[in-house]
>>> print(open('model.cif').read())   # mmCIF, C-alpha atoms
data_work
loop_
_atom_site.label_atom_id
_atom_site.label_comp_id
_atom_site.auth_asym_id
_atom_site.auth_seq_id
_atom_site.Cartn_x
_atom_site.Cartn_y
_atom_site.Cartn_z
CA MET A 1 -16.34 10.37 135.27
CA ASN A 2 -15.58 13.86 136.55
CA GLN A 3 -16.48 16.33 133.79
CA ALA A 4 -15.96 19.52 135.79
CA PRO A 5 -13.76 22.08 134.01
CA TRP A 6 -10.11 22.10 134.97
CA ILE A 7 -8.91 24.71 137.45
CA ASP A 8 -5.22 25.55 137.11
CA LEU A 9 -3.47 27.08 140.13
CA ARG A 10 0.11 26.51 138.95
CA SER A 11 0.68 30.02 137.59
CA ASP A 12 -0.99 33.00 135.95
CA THR A 13 0.94 32.04 132.80
CA VAL A 14 -1.67 29.37 132.04
CA THR A 15 -4.46 31.81 131.18
CA GLN A 16 -6.56 31.30 128.05
CA PRO A 17 -7.53 34.18 125.75
CA GLY A 18 -11.25 34.88 125.81
CA ALA A 19 -13.56 35.34 122.85
CA GLU A 20 -13.09 39.12 122.66
CA MET A 21 -9.30 38.83 122.77
CA ARG A 22 -9.37 36.13 120.10
CA ALA A 23 -11.54 38.38 117.93
CA ALA A 24 -9.04 41.21 118.30
CA MET A 25 -6.27 38.85 117.22
CA GLU A 26 -8.26 37.60 114.23
CA HIS A 27 -8.92 41.08 112.90
CA ALA A 28 -5.54 42.69 113.68
CA PRO A 29 -3.83 44.45 110.77
CA VAL A 30 -0.32 43.05 110.37
CA GLY A 31 2.97 43.69 108.62
CA ASP A 32 6.61 42.65 108.87
CA ASP A 33 7.73 43.81 112.31
CA VAL A 34 11.44 43.34 111.56
CA TYR A 35 10.99 46.10 108.98
CA GLY A 36 8.92 48.06 111.50
CA ASP A 37 5.87 47.65 109.27
CA ASP A 38 3.43 45.93 111.61
CA PRO A 39 0.84 48.55 112.62
CA THR A 40 -0.52 46.56 115.53
CA VAL A 41 2.92 45.98 117.04
CA ASN A 42 3.73 49.65 116.56
CA ARG A 43 0.52 50.63 118.32
CA LEU A 44 1.18 48.21 121.19
CA GLN A 45 4.65 49.71 121.65
CA ASP A 46 3.34 53.28 121.54
CA VAL A 47 0.47 52.56 123.91
CA THR A 48 2.66 50.73 126.43
CA ALA A 49 5.31 53.47 126.41
CA GLU A 50 2.63 56.09 127.01
CA MET A 51 0.91 54.14 129.78
CA PHE A 52 4.12 53.57 131.71
CA GLY A 53 5.69 56.96 130.99
CA TYR A 54 8.59 56.13 128.68
CA GLU A 55 9.88 57.46 125.36
CA ALA A 56 9.74 54.17 123.49
CA ALA A 57 9.00 50.47 123.81
CA LEU A 58 9.91 47.16 122.18
CA PHE A 59 7.69 44.09 121.84
CA ALA A 60 9.46 40.79 122.59
CA PRO A 61 8.24 37.18 122.62
CA SER A 62 8.82 36.68 126.36
CA GLY A 63 9.68 38.38 129.61
CA THR A 64 12.90 36.38 129.77
CA GLN A 65 13.96 37.93 126.47
CA SER A 66 12.87 41.48 127.33
CA ASN A 67 14.73 41.28 130.64
CA LEU A 68 17.83 39.95 128.90
CA ILE A 69 17.68 42.72 126.29
CA ALA A 70 17.53 45.26 129.11
CA LEU A 71 20.59 43.77 130.80
CA LEU A 72 22.47 43.75 127.48
CA VAL A 73 21.75 47.40 126.72
CA HIS A 74 22.71 48.51 130.22
CA CYS A 75 25.83 46.36 130.68
CA ALA A 76 28.86 45.37 128.60
CA ARG A 77 31.16 42.35 128.91
CA GLY A 78 32.78 42.36 132.33
CA ASP A 79 30.09 44.52 133.91
CA GLU A 80 27.80 43.32 136.69
CA TYR A 81 24.28 43.92 137.86
CA LEU A 82 23.00 43.84 141.43
CA VAL A 83 19.98 41.59 141.86
CA GLY A 84 18.02 39.75 144.54
CA GLN A 85 18.68 36.07 145.20
CA GLU A 86 15.00 35.37 144.56
CA ALA A 87 14.71 37.50 141.43
CA HIS A 88 13.54 35.95 138.20
CA THR A 89 16.37 37.55 136.20
CA TYR A 90 18.90 35.81 138.42
CA LYS A 91 17.27 32.54 139.42
CA TYR A 92 14.85 31.53 136.69
CA GLU A 93 16.16 32.81 133.35
CA GLY A 94 18.84 30.25 132.63
CA GLY A 95 21.79 32.46 133.52
CA GLY A 96 21.28 34.27 130.22
CA ALA A 97 23.06 37.47 131.21
CA ALA A 98 26.22 35.54 132.13
CA VAL A 99 26.02 32.99 129.30
CA LEU A 100 25.07 35.30 126.45
CA GLY A 101 26.23 38.71 127.66
CA SER A 102 29.27 37.95 129.84
CA ILE A 103 27.52 40.04 132.49
CA GLN A 104 28.19 39.03 136.08
CA PRO A 105 25.22 38.88 138.44
CA GLN A 106 25.87 39.98 142.00
CA PRO A 107 23.06 38.27 143.94
CA ILE A 108 21.99 39.83 147.23
CA ALA A 109 19.70 38.31 149.86
CA ASN A 110 16.10 39.45 149.65
CA GLN A 111 14.43 40.62 152.81
CA ALA A 112 11.24 38.97 154.05
CA ASP A 113 9.15 41.58 152.22
CA GLY A 114 10.95 40.88 148.94
CA SER A 115 13.06 44.03 148.97
CA ILE A 116 16.84 44.28 148.96
CA ALA A 117 18.09 46.28 151.94
CA LEU A 118 19.43 49.65 150.85
CA ALA A 119 22.53 49.11 152.98
CA ASP A 120 23.18 45.84 151.13
CA ILE A 121 22.80 47.54 147.75
CA ALA A 122 25.34 50.16 148.76
CA ALA A 123 27.72 47.57 150.20
CA TYR A 124 27.80 45.47 147.03
CA ILE A 125 28.65 48.31 144.65
CA LYS A 126 32.24 47.61 143.63
CA PRO A 127 35.00 50.23 143.78
CA ASP A 128 36.63 51.38 140.54
CA ASP A 129 39.38 48.78 140.64
CA MET A 130 40.61 46.41 137.94
CA HIS A 131 40.18 43.47 140.30
CA PHE A 132 36.39 43.83 140.28
CA ALA A 133 33.62 43.64 137.73
CA ARG A 134 32.20 47.08 137.01
CA THR A 135 28.88 47.57 138.83
CA ARG A 136 26.54 49.14 136.30
CA LEU A 137 22.95 48.25 137.10
CA LEU A 138 20.45 47.61 139.87
CA ALA A 139 17.68 45.20 138.81
CA LEU A 140 14.55 44.86 140.95
CA GLU A 141 11.30 42.93 140.49
CA ASN A 142 7.70 43.87 141.34
CA THR A 143 5.80 41.92 142.43
CA ILE A 144 8.30 39.36 143.69
CA GLY A 145 6.79 36.09 144.84
CA GLY A 146 3.48 37.93 145.01
CA ARG A 147 4.88 40.55 147.40
CA VAL A 148 4.57 44.22 146.54
CA LEU A 149 7.57 46.53 146.75
CA GLY A 150 6.03 49.83 147.80
CA SER A 151 6.56 53.09 145.98
CA ALA A 152 8.51 54.63 148.88
CA TYR A 153 11.03 51.79 148.81
CA MET A 154 11.32 51.92 145.03
CA ALA A 155 11.98 55.65 145.16
CA ALA A 156 14.68 55.16 147.78
CA ALA A 157 16.34 52.30 145.89
CA THR A 158 16.37 54.07 142.53
CA SER A 159 17.62 57.28 144.15
CA LEU A 160 20.49 55.38 145.78
CA ALA A 161 21.38 53.75 142.48
CA ARG A 162 21.31 57.06 140.64
CA GLU A 163 23.50 58.72 143.29
CA ARG A 164 26.04 55.92 142.88
CA GLY A 165 26.04 56.12 139.08
CA LEU A 166 24.02 52.97 138.43
CA ALA A 167 21.27 52.48 135.89
CA THR A 168 18.05 50.75 137.01
CA HIS A 169 15.86 48.07 135.48
CA LEU A 170 12.53 46.78 136.76
CA ASP A 171 11.32 43.30 135.95
CA GLY A 172 7.66 44.25 135.89
CA ALA A 173 6.29 40.81 135.09
CA ARG A 174 3.44 41.60 137.50
CA ILE A 175 3.84 45.37 137.79
CA CYS A 176 0.15 45.89 137.03
CA ASN A 177 -0.71 43.73 140.07
CA ALA A 178 1.57 45.93 142.16
CA ALA A 179 -0.04 49.12 140.87
CA VAL A 180 -3.59 47.86 141.39
CA LYS A 181 -2.80 46.65 144.90
CA GLN A 182 -1.34 50.02 145.87
CA GLY A 183 -4.01 52.05 144.09
CA ILE A 184 -1.41 53.99 142.12
CA SER A 185 -0.92 54.67 138.42
CA LEU A 186 1.32 52.58 136.22
CA ARG A 187 3.62 55.57 135.84
CA GLU A 188 3.92 55.89 139.61
CA ALA A 189 4.64 52.18 139.90
CA THR A 190 7.61 52.43 137.51
CA ALA A 191 8.87 55.89 138.44
CA GLY A 192 12.65 56.17 138.74
CA PHE A 193 13.53 53.15 136.59
CA ASP A 194 15.46 53.61 133.38
CA THR A 195 13.81 50.55 131.84
CA VAL A 196 10.92 48.28 132.71
CA SER A 197 9.80 44.95 131.28
CA VAL A 198 6.01 44.59 131.24
CA CYS A 199 4.69 41.04 130.82
CA LEU A 200 1.41 40.67 128.95
CA SER A 201 0.95 36.93 129.41
CA LYS A 202 0.46 36.61 133.16
CA GLY A 203 -2.39 38.30 135.00
CA LEU A 204 -3.23 40.42 131.96
CA GLY A 205 -4.21 37.24 130.15
CA ALA A 206 -2.51 37.58 126.76
CA PRO A 207 -1.16 34.32 125.30
CA VAL A 208 2.38 35.58 124.69
CA GLY A 209 4.65 38.59 124.85
CA SER A 210 6.38 41.23 126.91
CA VAL A 211 7.19 44.88 126.25
CA LEU A 212 10.44 46.58 127.22
CA CYS A 213 10.01 50.30 127.89
CA GLY A 214 12.80 52.87 128.15
CA PRO A 215 14.60 55.78 126.52
CA LYS A 216 14.50 55.79 122.73
CA ALA A 217 18.27 55.34 122.38
CA LEU A 218 18.27 52.21 124.56
CA ILE A 219 15.25 50.78 122.79
CA GLU A 220 17.01 51.24 119.45
CA GLN A 221 19.96 49.26 120.82
CA GLY A 222 17.50 46.70 122.09
CA LYS A 223 16.15 46.07 118.59
CA ARG A 224 19.56 44.78 117.52
CA TRP A 225 19.80 42.49 120.57
CA ARG A 226 16.25 41.24 120.00
CA LYS A 227 17.17 40.26 116.45
CA MET A 228 20.33 38.48 117.64
CA LEU A 229 18.36 36.59 120.28
CA GLY A 230 15.85 35.35 117.73
CA GLY A 231 13.06 37.67 118.78
CA GLY A 232 12.63 39.43 115.46
CA MET A 233 9.12 38.35 114.47
CA ARG A 234 7.31 38.98 111.22
CA GLN A 235 3.52 39.39 111.21
CA ALA A 236 3.52 39.68 114.98
CA GLY A 237 0.46 41.92 115.13
CA ILE A 238 -1.69 38.85 115.63
CA VAL A 239 -0.20 38.33 119.10
CA ALA A 240 0.40 42.04 119.73
CA ALA A 241 -3.36 42.56 119.38
CA ALA A 242 -3.89 40.28 122.36
CA GLY A 243 -1.46 42.41 124.37
CA LEU A 244 -3.29 45.58 123.40
CA TYR A 245 -6.60 44.06 124.42
CA ALA A 246 -5.09 42.99 127.74
CA LEU A 247 -3.75 46.47 128.51
CA GLU A 248 -7.02 48.11 127.57
CA HIS A 249 -9.38 45.72 129.39
CA ASN A 250 -7.64 43.53 131.97
CA ILE A 251 -5.73 45.77 134.36
CA ALA A 252 -8.47 46.90 136.76
CA ARG A 253 -9.86 43.37 136.97
CA LEU A 254 -6.62 42.18 138.61
CA ALA A 255 -8.31 43.25 141.85
CA ASP A 256 -10.64 40.26 141.38
CA ASP A 257 -7.64 37.91 141.32
CA HIS A 258 -6.35 39.50 144.52
CA ALA A 259 -9.75 39.09 146.18
CA ASN A 260 -9.95 35.45 145.08
CA ALA A 261 -6.49 34.77 146.46
CA ALA A 262 -7.46 36.38 149.76
CA ARG A 263 -10.62 34.26 149.98
CA LEU A 264 -8.76 31.08 149.06
CA SER A 265 -6.00 31.67 151.59
CA ALA A 266 -8.48 32.53 154.35
CA GLY A 267 -10.43 29.34 153.67
CA LEU A 268 -7.34 27.15 153.55
CA ALA A 269 -6.15 28.71 156.82
CA GLN A 270 -9.16 27.06 158.50
CA ILE A 271 -7.61 23.66 157.77
CA ALA A 272 -5.54 22.75 160.81
CA GLN A 273 -2.96 20.73 158.91
CA LEU A 274 -1.95 23.62 156.67
CA LYS A 275 0.18 26.67 157.30
CA VAL A 276 -1.03 29.39 154.96
CA ALA A 277 0.55 32.73 154.07
CA THR A 278 -1.63 35.80 153.60
CA PRO A 279 -1.42 37.03 150.00
CA GLN A 280 -0.82 40.62 149.02
CA THR A 281 -1.79 40.03 145.40
CA ASN A 282 -2.60 36.85 143.46
CA ILE A 283 0.18 34.56 144.71
CA PHE A 284 0.59 32.87 148.06
CA TYR A 285 2.19 29.78 149.58
CA ILE A 286 0.97 26.97 151.78
CA GLU A 287 2.99 24.50 153.83
CA VAL A 288 1.71 20.95 153.34
CA PRO A 289 2.58 18.10 155.73
CA PRO A 290 5.21 15.95 153.97
CA ALA A 291 3.19 12.79 154.47
CA ALA A 292 0.19 14.33 152.70
CA VAL A 293 1.93 15.68 149.60
CA ASP A 294 1.52 12.74 147.22
CA ALA A 295 -2.03 11.96 148.25
CA LEU A 296 -3.07 15.61 148.02
CA ARG A 297 -1.60 15.90 144.55
CA ALA A 298 -3.52 12.85 143.40
CA ALA A 299 -6.75 14.02 145.02
CA LEU A 300 -6.56 17.41 143.32
CA LEU A 301 -5.94 15.80 139.94
CA ARG A 302 -8.96 13.52 140.43
CA GLU A 303 -11.02 16.66 140.98
CA ARG A 304 -9.45 18.30 137.91
CA ILE A 305 -7.42 20.84 139.86
CA ARG A 306 -3.85 21.44 138.76
CA ALA A 307 -1.33 22.65 141.33
CA THR A 308 2.40 22.19 141.83
CA VAL A 309 2.00 20.38 145.12
CA GLY A 310 4.97 20.03 147.43
CA GLN A 311 5.77 20.75 151.03
CA HIS A 312 6.05 24.41 150.00
CA THR A 313 3.22 24.90 147.52
CA ARG A 314 2.57 28.02 145.47
CA LEU A 315 -1.03 28.81 144.53
CA VAL A 316 -1.86 31.47 141.95
CA THR A 317 -5.22 32.97 141.04
CA HIS A 318 -5.86 34.56 137.66
CA ILE A 319 -8.48 35.49 135.07
CA ASN A 320 -9.54 31.87 134.60
CA VAL A 321 -10.11 31.19 138.32
CA SER A 322 -13.53 32.45 139.40
CA ALA A 323 -15.01 33.03 142.84
CA ALA A 324 -17.04 29.85 142.34
CA ASP A 325 -13.84 27.97 141.50
CA VAL A 326 -12.35 29.15 144.79
CA GLU A 327 -15.24 27.62 146.71
CA ARG A 328 -14.83 24.35 144.79
CA ILE A 329 -11.11 24.29 145.60
CA LEU A 330 -11.83 24.87 149.28
CA ASP A 331 -14.34 22.02 149.35
CA VAL A 332 -11.79 19.65 147.81
CA PHE A 333 -9.02 20.65 150.23
CA THR A 334 -11.36 20.47 153.23
CA ASP A 335 -12.71 17.04 152.33
CA PHE A 336 -9.24 15.72 151.62
CA PHE A 337 -7.78 16.74 154.99
CA LYS A 338 -10.80 15.45 156.88
CA ASP A 339 -10.26 12.06 155.30
CA TRP A 340 -6.49 12.24 155.66
CA GLN A 341 -6.71 13.09 159.35
CA HIS A 342 -9.11 10.20 159.93
CA ALA A 343 -6.84 7.80 158.04
CA SER A 344 -3.81 9.01 159.98
#
>>> encode(input="model.cif", output="C-alpha cells")
Amino acid sequence: MNQAPWIDLRSDTVTQPGAEMRAAMEHAPVGDDVYGDDPTVNRLQDVTAEMFGYEAALFAPSGTQSNLIALLVHCARGDEYLVGQEAHTYKYEGGGAAVLGSIQPQPIANQADGSIALADIAAYIKPDDMHFARTRLLALENTIGGRVLGSAYMAAATSLARERGLATHLDGARICNAAVKQGISLREATAGFDTVSVCLSKGLGAPVGSVLCGPKALIEQGKRWRKMLGGGMRQAGIVAAAGLYALEHNIARLADDHANAARLSAGLAQIAQLKVATPQTNIFYIEVPPAAVDALRAALLRERIRATVGQHTRLVTHINVSAADVERILDVFTDFFKDWQHAS
C-alpha cells in the first residue's frame, strides 16, 4: 500500500498551517471583534494597512467577502463595475455583486497576458445617460491565472480610471506573488488602487481570511457590510494570528513556489504528449490528450497526487509542495506517459 504523503496540486488554497503558525494561533490574545475588542485582529488590520500603504484595513473570513464588500462600498444600486471576463470577482464569486448589491458587472475580454486593454476600458465607460448603468469602478486582479500584471500597466490603468472619474479596486488574492515576481514592494504593487483585497489563505499559507485595505471612511462603511454579510466574527484573533504569521514569515518564500513551478513545467515539457505553459508565478496549465485524461487522473491518485485533471489542467505549487515533491511528480507523469504511449 502506497504510504507516501499526499501532494496536492489543485490550488494554493489547500495549504496546511505549520507548527509555528499553529503555535501563534494557540497563544493569540483574543476579544470580541464585532465590538472592535480583539487585539490580534486589530494588529493584523494595522499591520496589513501599513504594509500595503493604506489608512485602514478590515479582516474578513474570505476573499470573496472582502471583494464583495469593496464592490458594495464603491457602488450603489444601479451602478456598474468594469471587470475582466476571467476575473474572480466576475466569474467565480457567485454573482454576488449583482445578487446582493444590484451592481451590474460589465465584463471585458482579457488579453493574453491577463490585462484588459486600456482602449477597451475607455470604450466600456458609459455616458451620463439614464439609459445606462452608471460606471463607477474598475476592478482588476493580480495575479490573474498566475499571470502578473506589471506595475507600468497598473499605473496606466488606474490613471485612466481616475481621469474618467472611476474608483479602482484590486483583487489581490495573489498580490504578494506578483510583488515577489517583479521584485517590488507591496506598496508599489498596489499603488494607484483605492482599495485592495489581500488573501492570507493562498500562497501565504494561513488557513482562512482576507484583509480589505483602503481609506478609513470606506473601511468604516465596509464594517457595516461585513456584518450584514455574516462576516462579523467574535474571538477571531485565533485565525487572525495565522494571517499575521503569514505576512511576517511567508512572503519572501513565495519565490520557492515560483521556482518549483518553473522546474515542474520544464520537466513536464519534456513529455511529448503534453503541451505545457511556462509559469510566471506558481500557477500554470498543461494540455492533456483527451484519451489520457481519465487514466492520468487515476494514476495520480494511486500515487497520492491530487490534481484537477482535464484536457486543460491547472497545476499550482505552494508551501506544501517541496522541490523533492516536484521530482516525484515528474517521475509519475513520465512513467505514466511512457506506459500510455506503449499501450496506445
>>> closest_residue(input="model.cif", among="A:Gly205, A:Gly231, A:Pro279, A:Gly150", to="Val34 of chain A", atoms="all atoms listed in the file")
A:Gly231
>>> residues_near_point(input="model.cif", point="(-7.3, 38.1, 117.3)", cutoff="12 Å", atoms="all atoms listed in the file", output="list in words")
Pro17, Gly18, Ala19, Glu20, Met21, Arg22, Ala23, Ala24, Met25, Glu26, His27, Ala28, Pro29, Val30, Thr40, Ala206, Pro207, Ala236, Gly237, Ile238, Val239, Ala240, Ala241, Ala242, Gly243, Leu244, Tyr245 and Ala246 of chain A
>>> closest_residue(input="model.cif", among="A:Leu149, A:Ala60, A:Leu330, A:Cys75", to="Leu212 of chain A", atoms="all atoms listed in the file")
A:Ala60
>>> resolve_selection(input="model.cif", expression="the PyMOL selection byres ((chain A and resi 177) around 8)", output="number ranges by chain")
A: 143, 174-176, 178-181, 203, 251, 254-255, 281-282
>>> resolve_selection(input="model.cif", expression="the PyMOL selection byres ((chain A and resi 156) around 12)", output="number ranges by chain")
A: 115-119, 121-122, 149-155, 157-163, 191-193
>>> closest_residue(input="model.cif", among="A:Gln280, A:Thr313, A:Gln270, A:Thr334", to="Arg10 of chain A", atoms="all atoms listed in the file")
A:Thr313
>>> closest_residue(input="model.cif", among="A:Ala307, A:Val148, A:Leu140, A:Val73", to="Gln221 of chain A", atoms="all atoms listed in the file")
A:Val73
>>> closest_residue(input="model.cif", among="A:Leu229, A:Ile219, A:Leu264, A:Leu138", to="Ala324 of chain A", atoms="only C-alpha atoms")
A:Leu264
>>> residues_around(input="model.cif", residues="Val332 of chain A", least_positions_apart="3", cutoff="9 Å", atoms="only C-alpha atoms", output="list of chain:residue names")
A:Ala299, A:Leu300, A:Glu303, A:Glu327, A:Arg328, A:Ile329, A:Asp335, A:Phe336, A:Phe337
>>> write_last_selection(input="model.cif", atoms="C-alpha atoms", output="tab-separated table (two decimals), in the frame of the given file")
chain	number	residue	atom	x	y	z
A	299	ALA	CA	-6.75	14.02	145.02
A	300	LEU	CA	-6.56	17.41	143.32
A	303	GLU	CA	-11.02	16.66	140.98
A	327	GLU	CA	-15.24	27.62	146.71
A	328	ARG	CA	-14.83	24.35	144.79
A	329	ILE	CA	-11.11	24.29	145.60
A	335	ASP	CA	-12.71	17.04	152.33
A	336	PHE	CA	-9.24	15.72	151.62
A	337	PHE	CA	-7.78	16.74	154.99
>>> decode(input="model.cif", residues="segment 190-206 of chain A", atoms="N, CA and C atoms", output="compact mmCIF listing (two decimals), in the first residue's frame")
# COMPACT_ATOMS: atom_id res chain seq x y z
N THR A 190 0.52 47.75 -5.24
CA THR A 190 -0.88 48.17 -5.10
C THR A 190 -1.07 49.67 -5.34
N ALA A 191 -0.02 50.33 -5.76
CA ALA A 191 -0.09 51.79 -5.96
C ALA A 191 -1.19 52.15 -6.96
N GLY A 192 -1.94 53.20 -6.63
CA GLY A 192 -2.97 53.71 -7.54
C GLY A 192 -4.35 53.15 -7.30
N PHE A 193 -4.49 52.10 -6.50
CA PHE A 193 -5.79 51.49 -6.24
C PHE A 193 -6.41 52.06 -4.97
N ASP A 194 -7.68 52.38 -5.06
CA ASP A 194 -8.38 52.91 -3.89
C ASP A 194 -8.53 51.85 -2.81
N THR A 195 -8.80 50.62 -3.21
CA THR A 195 -8.91 49.51 -2.28
C THR A 195 -8.20 48.29 -2.85
N VAL A 196 -7.77 47.42 -1.95
CA VAL A 196 -7.17 46.15 -2.36
C VAL A 196 -7.58 45.08 -1.36
N SER A 197 -7.91 43.91 -1.88
CA SER A 197 -8.21 42.74 -1.06
C SER A 197 -6.99 41.83 -1.07
N VAL A 198 -6.46 41.54 0.12
CA VAL A 198 -5.26 40.73 0.27
C VAL A 198 -5.64 39.39 0.89
N CYS A 199 -5.48 38.30 0.15
CA CYS A 199 -5.84 36.99 0.66
C CYS A 199 -4.68 36.40 1.46
N LEU A 200 -5.00 35.87 2.62
CA LEU A 200 -4.00 35.28 3.51
C LEU A 200 -3.92 33.77 3.37
N SER A 201 -4.90 33.16 2.72
CA SER A 201 -5.05 31.71 2.76
C SER A 201 -4.65 31.01 1.47
N LYS A 202 -3.90 31.69 0.62
CA LYS A 202 -3.39 31.03 -0.59
C LYS A 202 -1.89 30.82 -0.39
N GLY A 203 -1.06 31.45 -1.19
CA GLY A 203 0.37 31.20 -1.06
C GLY A 203 0.95 31.55 0.29
N LEU A 204 0.31 32.47 1.01
CA LEU A 204 0.84 32.86 2.32
C LEU A 204 0.59 31.78 3.37
N GLY A 205 -0.30 30.85 3.12
CA GLY A 205 -0.39 29.66 3.93
C GLY A 205 -1.27 29.72 5.16
N ALA A 206 -2.00 30.82 5.39
CA ALA A 206 -2.92 30.87 6.52
C ALA A 206 -4.14 30.02 6.22
